[in-house]
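Shown below: structure-v6.cif, with mmCIF, C-alpha atoms.
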```cif
data_model
#
loop_
_atom_site.label_atom_id
_atom_site.label_comp_id
_atom_site.auth_asym_id
_atom_site.auth_seq_id
_atom_site.Cartn_x
_atom_site.Cartn_y
_atom_site.Cartn_z
CA MET I 1 0.00 0.00 0.00
CA SER I 2 1.33 3.46 -0.85
CA LEU I 3 2.32 5.85 1.89
CA GLN I 4 -0.32 8.26 0.62
CA ALA I 5 -3.08 5.66 1.11
CA LYS I 6 -1.74 4.79 4.56
CA LEU I 7 -1.76 8.45 5.59
CA ILE I 8 -5.28 9.03 4.30
CA ILE I 9 -6.60 5.93 6.12
CA THR I 10 -4.78 6.96 9.30
CA ALA I 11 -6.17 10.49 9.10
CA LEU I 12 -9.71 9.16 8.61
CA ALA I 13 -9.31 6.74 11.51
CA LEU I 14 -7.99 9.54 13.76
CA ALA I 15 -10.85 11.83 12.74
CA ASN I 16 -13.25 9.02 13.57
CA GLY I 17 -11.56 8.58 16.96
CA PHE I 18 -11.90 12.26 17.80
CA PHE I 19 -15.50 12.25 16.68
CA ILE I 20 -16.20 9.29 18.98
CA LEU I 21 -14.52 11.09 21.89
CA GLU I 22 -16.62 14.16 21.20
CA LEU I 23 -19.81 12.10 21.22
CA LEU I 24 -18.73 10.55 24.51
CA ARG I 25 -18.02 13.99 25.99
CA LYS I 26 -21.48 15.18 24.97
CA ARG I 27 -23.00 12.01 26.48
CA LYS I 28 -24.42 10.98 23.13
CA LEU I 29 -22.60 7.66 23.28
CA THR I 30 -22.01 5.30 26.16
CA GLU I 31 -18.60 3.88 27.07
CA SER I 32 -19.51 0.36 25.97
CA TYR I 33 -20.03 1.48 22.37
CA THR I 34 -16.90 3.68 22.55
CA LEU I 35 -14.84 0.62 23.38
CA LEU I 36 -16.22 -1.12 20.31
CA TRP I 37 -15.34 1.79 18.05
CA PHE I 38 -11.84 2.16 19.48
CA LEU I 39 -11.22 -1.53 18.90
CA VAL I 40 -12.16 -1.00 15.27
CA ILE I 41 -9.99 2.08 14.91
CA GLY I 42 -7.10 0.16 16.49
CA SER I 43 -7.63 -2.71 14.05
CA ILE I 44 -7.60 -0.31 11.10
CA PHE I 45 -4.32 1.19 12.34
CA PHE I 46 -2.79 -2.23 12.75
CA ALA I 47 -3.93 -3.49 9.36
CA THR I 48 -2.75 -0.30 7.66
CA TRP I 49 0.76 -0.19 9.12
CA ALA I 50 1.50 -3.89 9.62
CA ASP I 51 2.42 -4.48 5.97
CA ARG I 52 3.24 -8.16 6.28
CA PHE I 53 -0.04 -8.95 8.00
CA LEU I 54 -2.05 -7.06 5.39
CA TYR I 55 -0.20 -8.73 2.49
CA SER I 56 -0.75 -12.15 4.00
CA LEU I 57 -4.46 -11.41 4.34
CA THR I 58 -4.58 -10.08 0.79
CA GLN I 59 -3.06 -13.32 -0.49
CA LEU I 60 -5.43 -15.35 1.66
CA PHE I 61 -8.49 -13.56 0.24
CA GLY I 62 -7.14 -13.77 -3.30
CA ALA I 63 -7.29 -9.99 -3.63
CA ILE I 64 -4.87 -8.01 -5.80
CA ALA I 65 -4.42 -4.81 -3.81
CA PRO I 66 -4.10 -4.52 0.01
CA VAL I 67 -6.59 -1.66 -0.11
CA SER I 68 -9.20 -4.15 -1.31
CA THR I 69 -8.50 -6.25 1.78
CA LEU I 70 -9.02 -3.22 3.99
CA THR I 71 -12.30 -2.48 2.20
CA LEU I 72 -13.39 -6.07 2.72
CA LEU I 73 -12.50 -5.90 6.42
CA SER I 74 -14.43 -2.62 6.71
CA LEU I 75 -17.49 -4.19 5.09
CA ALA I 76 -17.24 -7.16 7.44
CA PHE I 77 -17.05 -4.76 10.36
CA ILE I 78 -20.09 -2.79 9.13
CA LEU I 79 -22.01 -6.05 8.82
CA VAL I 80 -21.09 -7.08 12.36
CA MET I 81 -22.08 -3.64 13.67
CA LEU I 82 -25.43 -3.80 11.84
CA ILE I 83 -26.21 -7.17 13.39
CA PHE I 84 -25.08 -5.89 16.78
CA PHE I 85 -27.29 -2.81 16.55
CA SER I 86 -30.24 -4.82 15.22
CA MET I 87 -29.92 -7.00 18.32
CA LYS I 88 -29.71 -3.96 20.56
CA ILE I 89 -32.73 -2.32 18.94
CA SER I 90 -34.73 -5.56 19.18
CA ARG I 91 -33.88 -5.83 22.87
CA LEU I 92 -34.80 -2.19 23.46
CA GLU I 93 -38.09 -2.67 21.60
CA ARG I 94 -38.86 -5.58 23.89
CA VAL I 95 -37.92 -3.60 26.99
CA ILE I 96 -40.03 -0.63 25.89
CA LYS I 97 -42.98 -2.92 25.19
CA GLU I 98 -42.70 -4.54 28.62
CA LEU I 99 -42.40 -1.16 30.34
CA ALA I 100 -45.30 0.37 28.46
CA GLN I 101 -47.46 -2.67 29.24
CA ARG I 102 -46.57 -2.48 32.92
CA VAL I 103 -47.34 1.23 33.03
CA ALA I 104 -50.67 0.54 31.32
CA LEU I 105 -51.52 -2.33 33.69
CA ASP I 106 -50.64 -0.20 36.72
CA ASN I 107 -53.07 2.49 35.57
CA VAL I 108 -56.16 0.51 34.71
CA ARG I 109 -59.23 2.72 34.64
CA ARG I 110 -62.30 0.92 35.93
CA PRO I 111 -65.87 2.13 35.58
CA LYS I 112 -67.40 3.68 38.70
CA GLY I 113 -68.71 1.14 41.18
CA MET I 114 -66.32 -1.56 40.08
CA GLN I 115 -63.77 -2.94 42.50
CA GLY I 116 -60.07 -2.49 41.81
CA MET B 1 -78.67 -5.40 14.69
CA ALA B 2 -81.83 -6.15 16.61
CA ALA B 3 -82.71 -8.95 14.19
CA ALA B 4 -79.44 -10.73 14.94
CA VAL B 5 -79.96 -10.76 18.69
CA PRO B 6 -80.67 -14.29 19.83
CA PRO B 7 -83.06 -14.98 22.69
CA HIS B 8 -81.21 -14.79 25.96
CA GLY B 9 -83.02 -17.61 27.67
CA LYS B 10 -81.85 -21.12 28.44
CA GLY B 11 -80.15 -22.93 25.61
CA SER B 12 -79.30 -19.77 23.75
CA GLY B 13 -75.70 -19.95 24.76
CA MET B 14 -76.04 -16.60 26.51
CA GLU B 15 -76.42 -18.01 30.02
CA GLY B 16 -72.68 -18.18 30.59
CA LEU B 17 -72.36 -14.56 29.58
CA LYS B 18 -74.58 -13.45 32.43
CA GLY B 19 -72.98 -15.36 35.29
CA LYS B 20 -71.46 -13.55 38.23
CA SER B 21 -68.17 -14.57 39.72
CA PRO B 22 -67.52 -14.98 43.44
CA ARG B 23 -65.78 -11.61 43.37
CA GLY B 24 -69.10 -9.78 43.18
CA ALA B 25 -69.02 -7.22 40.40
CA ARG B 26 -66.72 -9.35 38.29
CA THR B 27 -68.27 -11.86 35.94
CA GLU B 28 -66.52 -15.12 35.12
CA GLY B 29 -65.38 -14.15 31.66
CA VAL B 30 -63.99 -11.10 29.98
CA ILE B 31 -64.10 -9.62 26.51
CA ILE B 32 -60.86 -8.03 25.37
CA ILE B 33 -60.94 -5.45 22.61
CA PRO B 34 -57.71 -3.93 21.32
CA VAL B 35 -58.36 -0.42 20.06
CA TYR B 36 -56.22 1.73 17.81
CA ASN B 37 -57.69 4.79 16.13
CA GLU B 38 -61.21 3.42 16.03
CA GLU B 39 -63.17 6.52 17.07
CA LYS B 40 -65.66 5.86 14.29
CA ASN B 41 -66.42 2.29 15.36
CA VAL B 42 -65.62 1.66 19.01
CA ARG B 43 -68.74 3.15 20.59
CA ALA B 44 -71.03 1.19 18.29
CA VAL B 45 -69.12 -2.03 18.99
CA LEU B 46 -69.40 -1.63 22.77
CA GLU B 47 -73.06 -0.64 22.60
CA GLU B 48 -73.77 -3.66 20.43
CA ILE B 49 -72.12 -5.98 22.95
CA ARG B 50 -74.19 -4.54 25.78
CA GLY B 51 -77.25 -4.60 23.54
CA GLU B 52 -76.81 -8.35 23.27
CA GLY B 53 -77.30 -8.61 27.01
CA ILE B 54 -73.69 -9.63 27.58
CA ASP B 55 -72.70 -8.39 31.02
CA TRP B 56 -69.19 -9.78 31.13
CA ASP B 57 -66.50 -7.28 31.87
CA ILE B 58 -65.17 -5.61 28.75
CA VAL B 59 -61.52 -4.62 28.68
CA ALA B 60 -60.61 -2.09 26.02
CA VAL B 61 -56.88 -1.83 25.43
CA ASP B 62 -56.17 1.48 23.79
CA ASP B 63 -52.91 1.08 21.91
CA GLY B 64 -51.83 4.71 21.96
CA SER B 65 -54.57 5.98 19.66
CA THR B 66 -54.00 9.40 18.17
CA ASP B 67 -57.68 10.07 17.50
CA ARG B 68 -60.50 10.39 20.07
CA SER B 69 -60.82 6.64 20.78
CA ARG B 70 -59.42 6.92 24.29
CA GLU B 71 -61.66 9.85 25.25
CA LEU B 72 -64.69 7.95 24.00
CA LEU B 73 -63.69 4.87 25.98
CA GLU B 74 -63.27 6.90 29.16
CA ASP B 75 -66.96 7.76 29.01
CA MET B 76 -68.07 4.18 28.56
CA ARG B 77 -68.69 1.27 30.93
CA VAL B 78 -65.46 -0.55 30.14
CA ILE B 79 -62.25 -1.34 31.92
CA LEU B 80 -59.78 0.85 30.09
CA ILE B 81 -56.10 0.02 29.76
CA SER B 82 -54.10 2.61 27.85
CA HIS B 83 -50.71 2.04 26.33
CA PRO B 84 -48.67 5.24 26.65
CA VAL B 85 -47.38 4.67 23.11
CA ASN B 86 -48.47 2.60 20.15
CA LEU B 87 -47.01 -0.89 20.56
CA GLY B 88 -48.89 -2.87 17.93
CA TYR B 89 -51.99 -5.06 17.78
CA GLY B 90 -50.35 -8.11 19.31
CA ALA B 91 -49.00 -6.14 22.25
CA ALA B 92 -52.46 -4.73 22.91
CA VAL B 93 -53.94 -8.25 22.92
CA GLN B 94 -51.15 -9.43 25.20
CA THR B 95 -51.76 -6.58 27.65
CA GLY B 96 -55.43 -7.54 27.75
CA LEU B 97 -54.54 -11.18 28.32
CA ARG B 98 -52.14 -10.25 31.10
CA TYR B 99 -54.90 -8.28 32.78
CA ALA B 100 -57.34 -11.17 32.37
CA VAL B 101 -54.86 -13.64 33.85
CA LYS B 102 -54.00 -11.32 36.74
CA GLU B 103 -57.68 -10.78 37.56
CA GLY B 104 -58.46 -14.48 37.40
CA TYR B 105 -61.04 -14.58 34.63
CA GLY B 106 -61.93 -18.10 33.54
CA THR B 107 -62.69 -17.43 29.89
CA VAL B 108 -61.44 -14.78 27.52
CA VAL B 109 -63.07 -13.58 24.33
CA LEU B 110 -61.00 -11.56 21.88
CA MET B 111 -62.66 -9.34 19.33
CA ASP B 112 -61.73 -6.35 17.21
CA ALA B 113 -62.94 -2.79 17.61
CA ASP B 114 -63.60 -2.20 13.94
CA GLY B 115 -67.14 -3.61 14.02
CA GLN B 116 -66.38 -6.64 11.86
CA HIS B 117 -66.89 -9.17 14.64
CA VAL B 118 -70.54 -9.69 15.49
CA PRO B 119 -71.19 -9.89 19.26
CA SER B 120 -74.22 -12.15 18.77
CA GLU B 121 -71.77 -14.79 17.53
CA ILE B 122 -69.92 -14.90 20.87
CA PRO B 123 -72.17 -17.66 22.27
CA LYS B 124 -71.15 -19.88 19.33
CA LEU B 125 -67.51 -19.51 20.32
CA LEU B 126 -68.31 -20.19 23.96
CA ARG B 127 -70.23 -23.33 23.08
CA GLY B 128 -67.03 -24.58 21.47
CA VAL B 129 -65.16 -23.92 24.70
CA GLU B 130 -67.90 -25.66 26.69
CA ASN B 131 -67.59 -28.63 24.34
CA GLY B 132 -63.99 -29.13 25.33
CA ALA B 133 -61.87 -26.89 23.10
CA ASP B 134 -59.16 -24.82 24.73
CA ILE B 135 -59.50 -22.13 22.10
CA VAL B 136 -62.17 -21.54 19.51
CA ILE B 137 -61.61 -19.48 16.37
CA GLY B 138 -64.56 -17.69 14.77
CA SER B 139 -64.15 -18.43 11.08
CA ARG B 140 -65.18 -16.46 8.03
CA LEU B 141 -64.47 -19.46 5.86
CA LEU B 142 -66.73 -22.06 7.40
CA GLY B 143 -70.46 -22.39 6.96
CA PRO B 144 -72.90 -20.58 4.74
CA ALA B 145 -73.09 -17.44 6.87
CA ALA B 146 -70.16 -15.68 5.23
CA GLU B 147 -71.50 -12.24 4.40
CA TYR B 148 -67.93 -10.98 4.40
CA ARG B 149 -66.25 -11.67 1.08
CA ILE B 150 -62.49 -11.95 1.32
CA PRO B 151 -60.53 -10.54 -1.63
CA LEU B 152 -58.93 -13.29 -3.74
CA LEU B 153 -55.31 -12.44 -2.93
CA ARG B 154 -55.98 -12.41 0.80
CA ARG B 155 -57.95 -15.63 0.53
CA ILE B 156 -54.95 -17.28 -1.18
CA GLY B 157 -52.70 -15.96 1.60
CA ILE B 158 -55.01 -17.28 4.33
CA SER B 159 -55.20 -20.65 2.60
CA PHE B 160 -51.41 -20.79 2.33
CA PHE B 161 -50.88 -19.98 6.01
CA SER B 162 -53.61 -22.42 6.97
CA SER B 163 -51.55 -25.12 5.22
CA VAL B 164 -48.37 -23.91 6.94
CA ALA B 165 -50.12 -24.06 10.32
CA ARG B 166 -51.32 -27.58 9.59
CA LEU B 167 -47.90 -28.71 8.42
CA LEU B 168 -45.98 -27.23 11.33
CA GLY B 169 -48.53 -27.23 14.13
CA GLY B 170 -50.60 -30.25 13.16
CA THR B 171 -53.94 -28.44 13.36
CA ARG B 172 -56.18 -27.61 10.43
CA ILE B 173 -57.64 -24.16 10.94
CA TYR B 174 -59.04 -22.55 7.81
CA ASP B 175 -59.25 -18.95 8.97
CA VAL B 176 -55.88 -18.52 10.66
CA THR B 177 -56.08 -14.73 10.51
CA SER B 178 -59.29 -14.43 12.51
CA GLY B 179 -58.94 -12.36 15.66
CA PHE B 180 -62.39 -13.42 16.87
CA GLN B 181 -61.57 -16.03 19.49
CA ALA B 182 -62.66 -17.48 22.80
CA MET B 183 -60.18 -19.25 25.03
CA ARG B 184 -59.85 -20.94 28.36
CA ARG B 185 -57.63 -19.55 31.06
CA PRO B 186 -54.65 -21.90 30.40
CA VAL B 187 -54.44 -20.64 26.82
CA ALA B 188 -54.70 -17.04 28.03
CA GLU B 189 -51.88 -17.74 30.49
CA PHE B 190 -49.73 -19.25 27.76
CA LEU B 191 -50.33 -16.38 25.34
CA ALA B 192 -49.93 -13.72 28.03
CA GLU B 193 -46.35 -14.89 28.43
CA GLU B 194 -45.38 -14.74 24.78
CA TYR B 195 -47.43 -13.13 22.06
CA PRO B 196 -46.23 -11.74 18.72
CA VAL B 197 -46.42 -7.96 18.50
CA GLU B 198 -47.30 -8.00 14.82
CA PHE B 199 -49.68 -10.23 12.88
CA PRO B 200 -50.36 -12.84 15.55
CA ASP B 201 -52.01 -15.30 13.20
CA ALA B 202 -50.53 -18.57 11.93
CA GLU B 203 -47.67 -18.27 14.39
CA VAL B 204 -50.05 -18.41 17.35
CA ILE B 205 -52.03 -21.32 15.91
CA ILE B 206 -48.81 -23.25 15.34
CA SER B 207 -47.44 -22.60 18.82
CA LEU B 208 -50.78 -23.61 20.41
CA GLY B 209 -50.90 -26.73 18.25
CA LEU B 210 -47.36 -27.68 19.23
CA LYS B 211 -48.26 -27.20 22.89
CA LYS B 212 -51.13 -29.64 22.36
CA PHE B 213 -53.94 -27.21 23.13
CA ARG B 214 -57.24 -28.28 21.60
CA ILE B 215 -58.09 -25.78 18.87
CA ALA B 216 -61.55 -25.63 17.31
CA GLU B 217 -62.99 -23.50 14.56
CA VAL B 218 -66.63 -22.54 14.25
CA PRO B 219 -68.42 -20.57 11.54
CA ALA B 220 -68.89 -16.95 12.59
CA ARG B 221 -70.50 -14.10 10.78
CA ILE B 222 -67.96 -11.35 10.09
CA ARG B 223 -69.04 -8.02 8.65
CA ARG B 224 -67.31 -5.80 6.16
CA ARG B 225 -65.53 -2.84 7.76
CA GLU B 226 -67.76 0.19 7.29
CA ARG B 227 -65.53 2.96 8.61
CA GLY B 228 -61.82 3.50 9.08
CA THR B 229 -59.00 1.76 7.24
CA SER B 230 -57.81 -1.83 7.26
CA MET B 231 -54.19 -2.82 7.81
CA TYR B 232 -54.20 -4.38 4.36
CA ALA B 233 -54.75 -0.94 2.82
CA ASN B 234 -51.08 -0.26 3.54
CA PRO B 235 -49.09 -1.90 0.68
CA ALA B 236 -45.86 -2.06 2.71
CA LYS B 237 -47.60 -3.95 5.52
CA ALA B 238 -49.40 -6.18 3.06
CA LEU B 239 -46.04 -7.14 1.56
CA TYR B 240 -44.31 -7.54 4.91
CA TYR B 241 -47.08 -9.68 6.37
CA PRO B 242 -46.40 -12.93 4.44
CA PHE B 243 -42.67 -12.67 4.99
CA LYS B 244 -43.00 -12.09 8.72
CA SER B 245 -45.68 -14.73 9.22
CA LEU B 246 -43.77 -17.40 7.35
CA LEU B 247 -40.50 -16.67 9.11
CA ALA B 248 -42.17 -16.48 12.54
CA SER B 249 -43.94 -19.80 11.90
CA PHE B 250 -40.66 -21.59 11.26
CA ILE B 251 -39.02 -19.90 14.22
CA VAL B 252 -41.79 -21.20 16.51
CA LEU B 253 -41.00 -24.70 15.28
CA LEU B 254 -37.24 -24.23 15.67
CA ARG B 255 -37.67 -22.96 19.24
CA LEU B 256 -39.75 -25.98 20.15
CA ILE B 257 -37.23 -28.39 18.64
CA ARG B 258 -34.51 -26.60 20.63
CA GLU B 259 -36.62 -26.76 23.83
CA ARG B 260 -37.15 -30.51 23.39
CA LYS B 261 -33.42 -31.10 22.98
#
```

Could you show the structure in this file as structure tokens?
Amino acid sequence: MSLQAKLIITALALANGFFILELLRKRKLTESYTLLWFLVIGSIFFATWADRFLYSLTQLFGAIAPVSTLTLLSLAFILVMLIFFSMKISRLERVIKELAQRVALDNVRRPKGMQG
Amino acid sequence: MAAAVPPHGKGSGMEGLKGKSPRGARTEGVIIIPVYNEEKNVRAVLEEIRGEGIDWDIVAVDDGSTDRSRELLEDMRVILISHPVNLGYGAAVQTGLRYAVKEGYGTVVLMDADGQHVPSEIPKLLRGVENGADIVIGSRLLGPAAEYRIPLLRRIGISFFSSVARLLGGTRIYDVTSGFQAMRRPVAEFLAEEYPVEFPDAEVIISLGLKKFRIAEVPARIRRRERGTSMYANPAKALYYPFKSLLASFIVLLRLIRERK
């Protein structure tokens, strides 16, 4: 991979890292998700600068350019994140449903003259 | 509707609907009606039920309506449970079932608030329960009384899911999408635990069949919706429905296989 490509990827990863930190500072992201993102940024750094590792992976995948391998890894990461967030959203939906049902059942309105 | 009102004397099937429970004001059964944006229909539905001489408790579960449904219900003689937000039809049914289980009702009748389910048909469902079924489905597809004509595409869909339910759950129910049902307490307890939020049709029949509940189907008159809009009017939902129902049906089976292992 050319030095130019490495620098661009590094700059993007750093920008992403700062953005994550900013979100954390503004309490728009919780630490658990931050950890996940920093792991990803760390992996991108490693894959970008560890030439041997990236070339070995490129050969393994049958790709021509190392950049393609990085793109593939990024796509795999996006897929994992989508599944992760789908699971989180599903869980939250379930929690919200349970909470809303409990709130509703705690506030049953009975007609006058009917026992509670 | 006066012509459809059966006599309320002995043998009419209405006797059970008038019984009082040991808890005084509470009767032994309950009618659960999920309501979502049905301001044009809900009052007529409730008045029709009372007009039939049915004095069971009626539980209306308002699923976060954005129209005047909730206000109308507050002025009526019903037990009103209000979801703070819209959770979906299945969740509204489940909330009603949870209430019924908590309050100890022996029998539960489910019916919709859109006026399609005819209250005078409730005794037919209850007779099925009295005859030994755990749950009885009021069917549009059985008997000569079908005044409600199902569009061809929907009929094909219902037939397909009926076959899926038979294949996976072992029970032949023709109208798997009918929300007009009567059930015994054990079924209500089972469904109160786990009930699909969306389109609780074939999936429920399959899971009940796999749990060996006795499911019966009786002909029931269902009317055409006169006011408001049907779910099937939304093309996205109409497309999503078969996908979700089919997937959920197989998942029910997979879960059971996993449980048995």

Can you work out the spacing between atom CA of B:Lys212 and atom CA of B:Arg258 in Å, to one decimal?
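These atoms are spaced 17.0 Å apart.
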
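Each of I:Leu105, I:Thr34, I:Arg25, I:Leu73 was checked against I:Thr48 using all atoms listed in the file; the smallest atom-to-atom distance is that of I:Leu73.
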
I'd like the contact shell of stretch 97-113 of chain B - 8 Å cut-off, all atoms listed in the file, skipping same-chain residues fewer than 6 positions apart - returned as a list in words.
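Answer for this query is Leu105 of chain I; Thr27, Glu28, Gly29, Val30, Ile31, Ile32, Ile33, Pro34, Val35, Glu38, Asn41, Val42, Val45, Ile122, Gly179, Phe180, Gln181, Ala182, Met183, Arg184, Arg185, Ala188, Glu189, Leu191, Ala192 and Glu193 of chain B.
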
Closest pair table for chain B residues within 7 Å of chain I, only C-alpha atoms, as JSON lines:
```
{"residue": "B:Ala25", "atom": "CA", "partner": "I:Met114", "partner_atom": "CA", "distance": 6.3}
{"residue": "B:Arg77", "atom": "CA", "partner": "I:Pro111", "partner_atom": "CA", "distance": 5.5}
{"residue": "B:Val78", "atom": "CA", "partner": "I:Pro111", "partner_atom": "CA", "distance": 6.1}
{"residue": "B:Ile79", "atom": "CA", "partner": "I:Arg110", "partner_atom": "CA", "distance": 4.6}
{"residue": "B:Leu80", "atom": "CA", "partner": "I:Arg109", "partner_atom": "CA", "distance": 4.9}
{"residue": "B:Ile81", "atom": "CA", "partner": "I:Val108", "partner_atom": "CA", "distance": 5.0}
{"residue": "B:Ser82", "atom": "CA", "partner": "I:Ala104", "partner_atom": "CA", "distance": 5.3}
{"residue": "B:His83", "atom": "CA", "partner": "I:Ala104", "partner_atom": "CA", "distance": 5.2}
{"residue": "B:Pro84", "atom": "CA", "partner": "I:Ala100", "partner_atom": "CA", "distance": 6.2}
{"residue": "B:Leu87", "atom": "CA", "partner": "I:Lys97", "partner_atom": "CA", "distance": 6.5}
{"residue": "B:Thr95", "atom": "CA", "partner": "I:Gln101", "partner_atom": "CA", "distance": 6.0}
{"residue": "B:Tyr99", "atom": "CA", "partner": "I:Leu105", "partner_atom": "CA", "distance": 6.9}
```

Write out as an MDAnalysis selection string each polymer residue whose atoms come within 10 Å of stretch 12-19 of chain I, counting only C-alpha atoms; drop sequence neighbours fewer than 4 positions from it.
chainID I and resid 6:8 23:25 34 37:38 40:45

Run the PyMOL selection byres ((chain B and resi 244-253) around 12) mentally over the shown coordinates, then write out the matched residues as a VMD selection string, using the chain letters and numbers from the document.
chain B and resid 157 to 158 160 to 170 176 to 177 194 to 211 237 to 243 254 to 260

Can you tell me how far atom CA of I:Ala63 sits from atom CA of I:Ile9, in Å to one decimal?
18.7 Å

Hey, can you pull every residue with an atom no more than 8 Å from (-71.7, -5.9, 15.3), using only C-alpha atoms, and send it as a list in words?
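All residues meeting the 8 Å criterion around (-71.7, -5.9, 15.3) are Met1, Ala44, Val45, Glu48, Ile49, Gly115, Gln116, His117, Val118, Pro119, Ser120 and Arg223 of chain B.
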
Coordinates-based distance that separates atom CA of I:Thr71 from atom CA of I:Ser86 (Å, one decimal):
22.3 Å

Padding 8 Å on each side, edges along x, y and z: where is the centre of the box around the listed atoms of stretch 88-100 of chain I, and how long are its edges in Å to one decimal? Output it as JSON.
```
{"center_x": -37.5, "center_y": -2.7, "center_z": 24.6, "size_x": 31.6, "size_y": 22.2, "size_z": 27.4}
```

Since the input lacks atoms, please generate N, CA and C atoms for stretch 13-28 of chain I and provide them as a tab-separated table (two decimals), keeping the file's coordinate frame.
```tsv
chain	number	residue	atom	x	y	z
I	13	ALA	N	-9.10	7.49	10.26
I	13	ALA	CA	-9.31	6.74	11.51
I	13	ALA	C	-9.17	7.67	12.71
I	14	LEU	N	-8.18	8.58	12.65
I	14	LEU	CA	-7.99	9.54	13.76
I	14	LEU	C	-9.21	10.46	13.88
I	15	ALA	N	-9.67	10.95	12.73
I	15	ALA	CA	-10.85	11.83	12.74
I	15	ALA	C	-12.04	11.10	13.37
I	16	ASN	N	-12.17	9.84	13.01
I	16	ASN	CA	-13.25	9.02	13.57
I	16	ASN	C	-13.10	8.91	15.09
I	17	GLY	N	-11.84	8.69	15.53
I	17	GLY	CA	-11.56	8.58	16.96
I	17	GLY	C	-11.94	9.84	17.71
I	18	PHE	N	-11.56	10.98	17.14
I	18	PHE	CA	-11.90	12.26	17.80
I	18	PHE	C	-13.41	12.48	17.83
I	19	PHE	N	-14.04	12.09	16.74
I	19	PHE	CA	-15.50	12.25	16.68
I	19	PHE	C	-16.17	11.40	17.77
I	20	ILE	N	-15.65	10.18	17.95
I	20	ILE	CA	-16.20	9.29	18.98
I	20	ILE	C	-16.01	9.91	20.37
I	21	LEU	N	-14.81	10.44	20.59
I	21	LEU	CA	-14.52	11.09	21.89
I	21	LEU	C	-15.46	12.25	22.15
I	22	GLU	N	-15.73	13.01	21.09
I	22	GLU	CA	-16.62	14.16	21.20
I	22	GLU	C	-18.04	13.71	21.57
I	23	LEU	N	-18.48	12.64	20.92
I	23	LEU	CA	-19.81	12.10	21.22
I	23	LEU	C	-19.88	11.63	22.67
I	24	LEU	N	-18.78	11.04	23.12
I	24	LEU	CA	-18.73	10.55	24.51
I	24	LEU	C	-18.79	11.74	25.48
I	25	ARG	N	-18.03	12.79	25.13
I	25	ARG	CA	-18.02	13.99	25.99
I	25	ARG	C	-19.41	14.60	26.09
I	26	LYS	N	-20.14	14.58	24.99
I	26	LYS	CA	-21.48	15.18	24.97
I	26	LYS	C	-22.55	14.21	25.48
I	27	ARG	N	-22.11	13.07	25.96
I	27	ARG	CA	-23.00	12.01	26.48
I	27	ARG	C	-23.99	11.50	25.43
I	28	LYS	N	-23.55	11.52	24.18
I	28	LYS	CA	-24.42	10.98	23.13
I	28	LYS	C	-24.07	9.53	22.81
```
